[in-house]
Structures are given as structure tokens and as C-alpha cells.
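So this one's my_file-v6.csv, CSV, C-alpha atoms:
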chain,number,residue,atom,x,y,z
A,707,LEU,CA,37.9,-22.9,-31.4
A,708,ARG,CA,36.3,-22.5,-28.0
A,709,PRO,CA,33.4,-24.8,-27.1
A,710,TYR,CA,29.9,-23.3,-27.6
A,711,LYS,CA,29.2,-23.7,-23.9
A,712,ASP,CA,32.1,-21.3,-23.1
A,713,PHE,CA,30.6,-18.6,-25.4
A,714,GLN,CA,27.2,-19.2,-23.9
A,715,ASN,CA,28.5,-18.7,-20.4
A,716,ILE,CA,30.2,-15.5,-21.5
A,717,ASN,CA,27.0,-14.2,-23.1
A,718,ASP,CA,25.0,-15.0,-20.0
A,719,ASN,CA,27.5,-13.1,-17.8
A,720,ILE,CA,27.3,-10.1,-20.2
A,721,VAL,CA,23.5,-10.1,-20.0
A,722,GLN,CA,23.7,-10.1,-16.2
A,723,LEU,CA,26.1,-7.2,-16.3
A,724,ILE,CA,23.9,-5.2,-18.7
A,725,GLN,CA,20.7,-5.8,-16.7
A,726,PRO,CA,20.2,-3.2,-14.0
A,727,SER,CA,20.1,-4.5,-10.4
A,728,LYS,CA,16.7,-4.4,-8.7
A,729,GLN,CA,16.1,-1.6,-6.2
A,730,LYS,CA,15.9,-3.1,-2.7
A,731,TYR,CA,13.1,-2.2,-0.2
A,732,ASP,CA,12.0,-3.6,3.1
A,733,LEU,CA,8.5,-2.4,2.5
A,734,ILE,CA,6.5,-1.5,-0.6
A,735,MET,CA,3.2,0.3,0.1
A,736,ILE,CA,0.7,0.0,-2.7
A,737,VAL,CA,-2.1,2.5,-2.5
A,738,ILE,CA,-5.3,1.8,-4.5
A,739,ALA,CA,-6.1,5.2,-6.0
A,740,CYS,CA,-8.5,6.9,-8.3
A,741,ARG,CA,-9.6,10.4,-9.2
A,742,GLY,CA,-12.4,12.5,-7.8
A,743,LYS,CA,-13.0,15.6,-5.6
A,744,VAL,CA,-12.5,13.9,-2.3
A,745,TYR,CA,-9.6,11.6,-3.4
A,746,ASP,CA,-7.8,14.4,-5.2
A,747,GLU,CA,-7.9,16.5,-2.1
A,748,ILE,CA,-6.7,13.7,0.1
A,749,MET,CA,-3.7,13.2,-2.3
A,750,LYS,CA,-3.0,16.9,-2.2
A,751,GLN,CA,-3.3,17.4,1.6
A,752,TYR,CA,-1.8,14.1,2.7
A,753,TRP,CA,-0.4,11.5,0.3
A,754,SER,CA,1.9,13.8,-1.7
A,755,LYS,CA,3.4,15.2,1.5
A,756,PHE,CA,3.7,11.8,3.1
A,757,ILE,CA,5.5,10.4,0.1
A,758,ASN,CA,7.9,13.3,0.1
A,759,PHE,CA,8.5,12.8,3.9
A,760,VAL,CA,9.2,9.0,3.5
A,761,GLU,CA,11.4,9.6,0.5
A,762,ARG,CA,13.6,11.9,2.5
A,763,LYS,CA,13.4,9.9,5.8
A,764,ASP,CA,13.6,6.2,4.8
A,765,LYS,CA,15.3,4.6,1.7
A,766,LYS,CA,13.8,1.2,2.7
A,767,ILE,CA,10.2,2.1,2.1
A,768,LYS,CA,8.7,2.7,-1.4
A,769,ILE,CA,5.2,4.1,-1.9
A,770,LEU,CA,3.3,3.4,-5.1
A,771,MET,CA,0.0,5.0,-6.1
A,772,LEU,CA,-1.9,2.5,-8.2
A,773,PHE,CA,-4.3,4.1,-10.7
A,774,GLY,CA,-6.6,2.5,-13.3
A,775,LYS,CA,-6.1,2.4,-17.1
A,776,ASP,CA,-6.1,5.8,-18.9
A,777,THR,CA,-6.1,7.8,-15.7
A,778,LYS,CA,-4.6,11.2,-16.0
A,779,THR,CA,-2.0,11.9,-13.2
A,780,SER,CA,0.2,14.7,-14.6
A,781,ASP,CA,-1.7,17.3,-12.6
A,782,LEU,CA,-1.1,15.6,-9.3
A,783,ASN,CA,1.9,16.7,-7.2
A,784,ILE,CA,3.2,13.1,-7.1
A,785,HIS,CA,6.4,12.0,-9.0
A,786,GLU,CA,6.0,9.5,-11.8
A,787,SER,CA,8.3,7.1,-9.9
A,788,ASN,CA,5.6,6.8,-7.3
A,789,ILE,CA,2.8,6.1,-9.8
A,790,ILE,CA,1.7,2.8,-11.4
A,791,ILE,CA,-0.9,2.8,-14.1
A,792,SER,CA,-2.7,-0.5,-14.3
A,793,LYS,CA,-3.8,-2.1,-17.6
A,794,HIS,CA,-7.2,-2.5,-16.0
A,795,LYS,CA,-9.9,0.2,-15.6
A,796,ASP,CA,-11.1,1.5,-12.2
A,797,SER,CA,-14.1,-0.2,-10.7
A,798,LEU,CA,-15.0,-1.7,-7.3
A,799,LYS,CA,-15.5,-5.2,-8.7
A,800,PRO,CA,-13.4,-6.6,-10.4
A,801,GLY,CA,-11.2,-3.5,-10.9
A,802,ILE,CA,-9.5,-3.2,-7.5
A,803,LEU,CA,-8.6,-6.9,-7.5
A,804,LYS,CA,-7.3,-6.9,-11.1
A,805,LYS,CA,-5.3,-3.7,-10.4
A,806,THR,CA,-3.8,-5.3,-7.3
A,807,ILE,CA,-2.7,-8.4,-9.2
A,808,ASP,CA,-1.3,-6.3,-12.0
A,809,CYS,CA,0.7,-4.3,-9.5
A,810,PHE,CA,2.0,-7.4,-7.8
A,811,GLU,CA,3.3,-8.6,-11.1
A,812,LYS,CA,5.0,-5.3,-11.9
A,813,ILE,CA,6.7,-4.9,-8.5
A,814,ASP,CA,7.8,-8.5,-8.4
A,815,LYS,CA,9.7,-7.9,-11.7
A,816,GLN,CA,11.0,-4.5,-10.8
A,817,TYR,CA,12.0,-4.6,-7.1
A,818,ASP,CA,13.7,-6.7,-4.5
A,819,TYR,CA,11.4,-6.4,-1.5
A,820,ASN,CA,10.7,-8.0,1.8
A,821,LYS,CA,7.0,-7.3,2.3
A,822,VAL,CA,4.0,-5.4,0.9
A,823,LEU,CA,1.3,-3.3,2.5
A,824,ARG,CA,-1.7,-2.8,0.2
A,825,THR,CA,-3.9,0.0,1.3
A,826,ASN,CA,-6.1,2.8,0.0
A,827,LEU,CA,-6.4,6.6,-0.2
A,828,SER,CA,-8.6,6.8,2.9
A,829,SER,CA,-5.8,5.5,5.1
A,830,PHE,CA,-3.5,7.8,7.2
A,831,PHE,CA,-0.2,6.3,8.4
A,832,ILE,CA,1.9,7.3,11.4
A,833,TYR,CA,5.5,6.8,10.1
A,834,ASP,CA,7.3,5.9,13.4
A,835,ASN,CA,4.7,3.4,14.4
A,836,LEU,CA,4.4,2.0,10.8
A,837,LYS,CA,8.2,1.5,10.9
A,838,LYS,CA,8.0,-0.3,14.2
A,839,ILE,CA,5.3,-2.7,13.2
A,840,SER,CA,6.9,-3.4,9.8
A,841,ASP,CA,10.2,-4.4,11.6
A,842,THR,CA,8.4,-6.8,13.9
A,843,LEU,CA,6.4,-8.6,11.2
A,844,ASN,CA,7.7,-11.9,9.9
A,845,GLY,CA,9.2,-11.8,6.4
A,846,GLU,CA,7.9,-15.2,5.5
A,847,ASN,CA,4.3,-16.5,5.0
A,848,LEU,CA,2.9,-13.2,6.1
A,849,TYR,CA,-0.7,-12.4,5.5
A,850,CYS,CA,-2.2,-10.2,8.2
A,851,GLY,CA,-4.0,-7.0,9.2
A,852,ILE,CA,-7.4,-6.1,10.7
A,853,THR,CA,-9.6,-9.1,10.2
A,854,GLY,CA,-13.3,-9.5,9.6
A,855,SER,CA,-15.6,-12.4,8.6
A,856,VAL,CA,-18.2,-12.9,5.9
A,857,ASN,CA,-20.3,-16.1,5.9
A,858,LYS,CA,-17.7,-17.6,8.2
A,859,GLN,CA,-14.9,-16.7,5.8
A,860,ARG,CA,-12.2,-14.8,7.7
A,861,PHE,CA,-10.4,-12.1,5.7
A,862,VAL,CA,-7.9,-9.2,6.1
A,863,SER,CA,-9.4,-5.8,5.6
A,864,GLY,CA,-8.4,-4.3,2.2
A,865,ALA,CA,-7.5,-1.0,3.9
A,866,GLY,CA,-4.3,-2.6,5.1
A,867,ILE,CA,-3.2,-6.0,3.9
A,868,TRP,CA,0.3,-7.1,4.9
A,869,LEU,CA,2.0,-9.7,2.7
A,870,SER,CA,5.5,-11.2,2.5
A,871,THR,CA,7.2,-11.7,-0.8
A,872,ASP,CA,6.4,-15.4,-0.9
A,873,ASN,CA,2.7,-14.7,-0.5
A,874,VAL,CA,2.7,-12.0,-3.1
A,875,ARG,CA,4.1,-14.6,-5.5
A,876,TYR,CA,1.7,-17.2,-4.3
A,877,ILE,CA,-1.2,-14.9,-5.2
A,878,ILE,CA,0.3,-14.1,-8.6
A,879,ASP,CA,0.7,-17.8,-9.3
A,880,ASN,CA,-2.8,-18.6,-8.2
A,881,GLN,CA,-4.7,-15.6,-9.6
A,882,HIS,CA,-6.7,-17.9,-11.8
A,883,LYS,CA,-8.3,-19.3,-8.6
A,884,LEU,CA,-9.5,-15.9,-7.5
A,885,SER,CA,-13.3,-15.0,-7.5
A,886,TYR,CA,-13.5,-11.7,-9.5
A,887,ASN,CA,-17.2,-11.2,-8.8
A,888,ILE,CA,-16.7,-10.6,-5.1
A,889,ILE,CA,-15.0,-7.8,-3.1
A,890,ASP,CA,-11.2,-8.0,-3.4
A,891,ASP,CA,-10.1,-8.5,0.2
A,892,VAL,CA,-12.5,-11.4,0.6
A,893,ALA,CA,-11.4,-12.9,-2.7
A,894,ILE,CA,-7.8,-12.8,-1.7
A,895,SER,CA,-8.6,-14.5,1.7
A,896,MET,CA,-10.3,-17.4,-0.1
A,897,ILE,CA,-7.1,-18.6,-1.7
A,898,MET,CA,-4.7,-17.9,1.2
A,899,LYS,CA,-3.8,-20.8,3.4
A,900,SER,CA,-4.1,-19.0,6.8
A,901,ILE,CA,-4.1,-15.5,8.4
A,902,SER,CA,-0.9,-14.8,10.4
A,903,GLU,CA,-1.2,-14.0,14.0
A,904,ASN,CA,-0.3,-10.3,14.5
A,905,LYS,CA,-0.6,-7.4,16.8
A,906,THR,CA,-1.6,-4.8,14.2
A,907,LYS,CA,-4.2,-2.2,15.3
A,908,ARG,CA,-6.2,0.4,13.4
A,909,TYR,CA,-8.0,3.6,14.7
A,910,ASN,CA,-11.2,4.4,12.8
A,911,ILE,CA,-12.6,7.8,12.2
A,912,THR,CA,-15.8,6.8,10.5
A,913,ASP,CA,-18.7,8.0,12.6
A,914,ASN,CA,-19.0,11.7,11.5
A,915,LYS,CA,-17.6,12.9,14.8
A,916,GLN,CA,-15.7,16.2,14.5
A,917,TYR,CA,-13.1,16.4,17.2
A,918,SER,CA,-12.1,20.0,17.7
A,919,GLU,CA,-8.8,19.2,19.4
A,920,LYS,CA,-7.4,17.2,16.5
A,921,ILE,CA,-3.8,17.5,17.7
A,922,HIS,CA,-4.7,16.0,21.1
A,923,LEU,CA,-6.5,13.2,19.2
A,924,ILE,CA,-3.5,12.3,17.0
A,925,ASP,CA,-1.2,12.4,20.0
A,926,ASP,CA,-3.5,10.0,21.9
A,927,ILE,CA,-3.6,7.7,18.8
A,928,ILE,CA,0.2,7.6,18.5
A,929,ASN,CA,0.6,7.0,22.2
A,930,LYS,CA,-1.7,3.9,21.9
A,931,ASP,CA,0.7,2.5,19.3
A,932,HIS,CA,-1.6,2.8,16.3
A,933,TYR,CA,0.2,3.0,13.0
A,934,HIS,CA,-2.9,3.2,10.8
A,935,ILE,CA,-6.0,5.5,10.9
A,936,ARG,CA,-8.9,4.9,8.6
A,937,ILE,CA,-10.6,8.2,7.8
A,938,LYS,CA,-13.8,7.6,5.9
A,939,ASN,CA,-17.0,9.3,7.2
A,940,PRO,CA,-20.4,8.5,5.6
A,941,LYS,CA,-21.3,12.1,5.0
A,942,ASP,CA,-19.6,15.4,4.0
A,943,ARG,CA,-16.2,13.8,3.4
A,944,LEU,CA,-14.9,16.8,1.5
A,945,ASN,CA,-15.1,18.8,4.7
A,946,ILE,CA,-14.9,16.3,7.6
A,947,ASP,CA,-12.3,13.9,6.2
A,948,ILE,CA,-10.1,16.5,4.5
A,949,GLU,CA,-9.8,18.5,7.8
A,950,TYR,CA,-8.5,15.4,9.6
A,951,PHE,CA,-6.0,14.6,6.8
A,952,LYS,CA,-4.9,18.3,6.7
A,953,LYS,CA,-4.4,18.8,10.4
A,954,PHE,CA,-2.7,15.4,11.0
A,955,THR,CA,-0.4,16.0,8.1
A,956,GLN,CA,0.6,19.5,9.1
A,957,TYR,CA,1.4,18.2,12.6
A,958,LEU,CA,3.5,15.2,11.6
A,959,TYR,CA,4.9,15.7,8.2
A,960,ILE,CA,5.4,19.4,7.5
A,961,TYR,CA,8.2,21.3,9.3
Output the file's structure as C-alpha cells, nothing else.
Amino acid sequence: LRPYKDFQNINDNIVQLIQPSKQKYDLIMIVIACRGKVYDEIMKQYWSKFINFVERKDKKIKILMLFGKDTKTSDLNIHESNIIISKHKDSLKPGILKKTIDCFEKIDKQYDYNKVLRTNLSSFFIYDNLKKISDTLNGENLYCGITGSVNKQRFVSGAGIWLSTDNVRYIIDNQHKLSYNIIDDVAISMIMKSISENKTKRYNITDNKQYSEKIHLIDDIINKDHYHIRIKNPKDRLNIDIEYFKKFTQYLYIY
């Protein structure tokens, strides 16, 4: 009879062969998402088209739309492979933070990835510049983006948090240390060791200005090496914001 160890080794090898290999990505983009008139229109005019563009253009980037518990998504023009439904409900606090951790755990089990960019629906990305910045960012101990400060606590803006695999796992392992009663991006910063030095930039369209020459504007933004535009005006978002998303998308991602 063969020793038990030999049979155990054979069984382990069989299990490894049966288990599907993880899909590999250089970058996984996690988009904090929810339903509503403005956000549904942003997904229709921009995100669904940007996802399709990236899926055709680049096999190293995966975009995941992260929705709260019990959210209906079947009427959205987004493939189910690009949707994650969290076990937590949508809310500002603690919903976004809990959804983020839940998503981190899911992608860490499902994918082989180099870095994560956690963002939101109000963000518009310029693919070529996004690719450039992603390729230049360090794949280890990465935690960077546009920084701010609250009560002397530096944090990376939740509209664009870059994290390497090791730091995603660090947050997962230390989620019990997070403060769930404060805003998510500040809570994350409080358990991180340091913010990485970086050259990331963001262009903000948040002052209710309505540029008539939107194509000239996006060209200027691209030429200044911005990869990320935050479009979130305080008033009339359904008209002002959607027009920017629509025009920028038509110019860059629809042929």
C-alpha cells in the first residue's frame, strides 16, 4: 500500500488542477456606485461606454461597479461581470467604507492583480493618461492620490485612491481598526502607515461653470497630463454634469 502522504499529495495536486486560475490584471478600478437620476444618467452616458472601450482596448484593466445590497442593476447597460453587489446597504457612513472592504475581500479572492484604483461615479478618466500613470506607480506599498487634511490627519481623496496589492490586504487584515463613524477616505488614512509620494493630478469641474467649448477644454486637460476629472457641480447636476460626461465621452470613446 502507498503511504497516506502520497495519496494526500495526489489529492492536493488534483484540487489545484480543478480550481480555475485567477484572472490577471495590472489594474482593477472599483467604482463606488448607487442608483438615482443623476447617477443612472452618468452610467448611461459615460461609465457603460468607458467600460466597453477599456474591455476592447486593454486586457490588463478591469472595471468593477460596486453597488449596495439589494440594488437592482439588470436595467443598466453594464455586463454582470463588471458588477459587484455588496452584502452591505448603500449609505455615506458607514456604507461606502463597508462596501469598499467587502469588495477588497472579493477581488483578492477572485483576481491576481497589481494595484487598485478606488473611485466614484462622479469621476471621468482619460484612458491614455490613466495608463501612463498606472505604469509609473510603484507596485509595492502604494497608497496615493490627491491629498487633503482634516484635523492634521492627511488623507487620500476617496474619488481616486491608488493602492498596491499588499496595502489592499493590509486594509483587509486591519479592518477591525477602522473608524466606521467617519468618512471612508479619512478612516482608511488613519490605519495606513504613510502616503506615497506621487505625481498624480486631478482636474476639477465643480464650480458650476459651463464651458461652451467643451472639446477645447478636454484637449487642454489631456495636454496637461491629467488622467482624472472630477465632475460634481453643486447645482443642476442633471444638466451641467451630464453635458460634460456626454461631450467628453463622445469625443474620446465613441467612434
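Closest approach to A:Lys799 from the set A:Cys740, A:Ile924, A:Val760, A:Ala893 is made by A:Ala893, with distances taken over only C-alpha atoms.
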What's the 9 Å shell around A:Tyr817, counting only C-alpha atoms, without same-chain residues fewer than 6 positions away, as a CSV table (one decimal) with C-alpha atoms, in the frame of the given file?
chain,number,residue,atom,x,y,z
A,727,SER,CA,20.1,-4.5,-10.4
A,728,LYS,CA,16.7,-4.4,-8.7
A,729,GLN,CA,16.1,-1.6,-6.2
A,730,LYS,CA,15.9,-3.1,-2.7
A,731,TYR,CA,13.1,-2.2,-0.2
Handout entry: Long-range neighbours of A:Gly864 as an NGL selection string, 9 Å cut-off, only C-alpha atoms, 4 positions minimum in chain
Key = :A and (824-826 or 851-852 or 890-892)
Problem - Nearby residues (only C-alpha atoms) at most 8 Å from stretch 865-873 of chain A, same-chain spacing under 5 positions excluded, as number ranges by chain - result: A: 819-826, 828-829, 844-852, 936
Practice task
Mind checking which residues fall within 12 Å of stretch 855-858 of chain A, counting only C-alpha atoms, ignoring those fewer than 2 positions away in the same chain, and posting them as an NGL selection string?
Solution key: :A and (852-853 or 860-863 or 888-889 or 891-893 or 895-896 or 901)
Practice task
Name the residues in contact with stretch 766-771 of chain A at a cut-off of 8 Å, using all atoms listed in the file, excluding same-chain residues fewer than 4 positions from it; report them as number ranges by chain.
Solution key: A: 730-739, 757, 760-761, 787-790
Handout entry: Between atom CA of A:Gln916 and atom CA of A:Pro940, distance in Å (one decimal)
Key =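 Atom CA of A:Gln916 sits 12.7 Å away from atom CA of A:Pro940.
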Completion exercise
Nearest to A:Lys915, restricted to all atoms listed in the file and choosing among A:Lys815, A:His932, A:Lys804, A:Lys941, comes out as A:Lys941
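Atom pair atom CA of A:Lys938 / atom CA of A:Lys805: separated by 21.6 Å.
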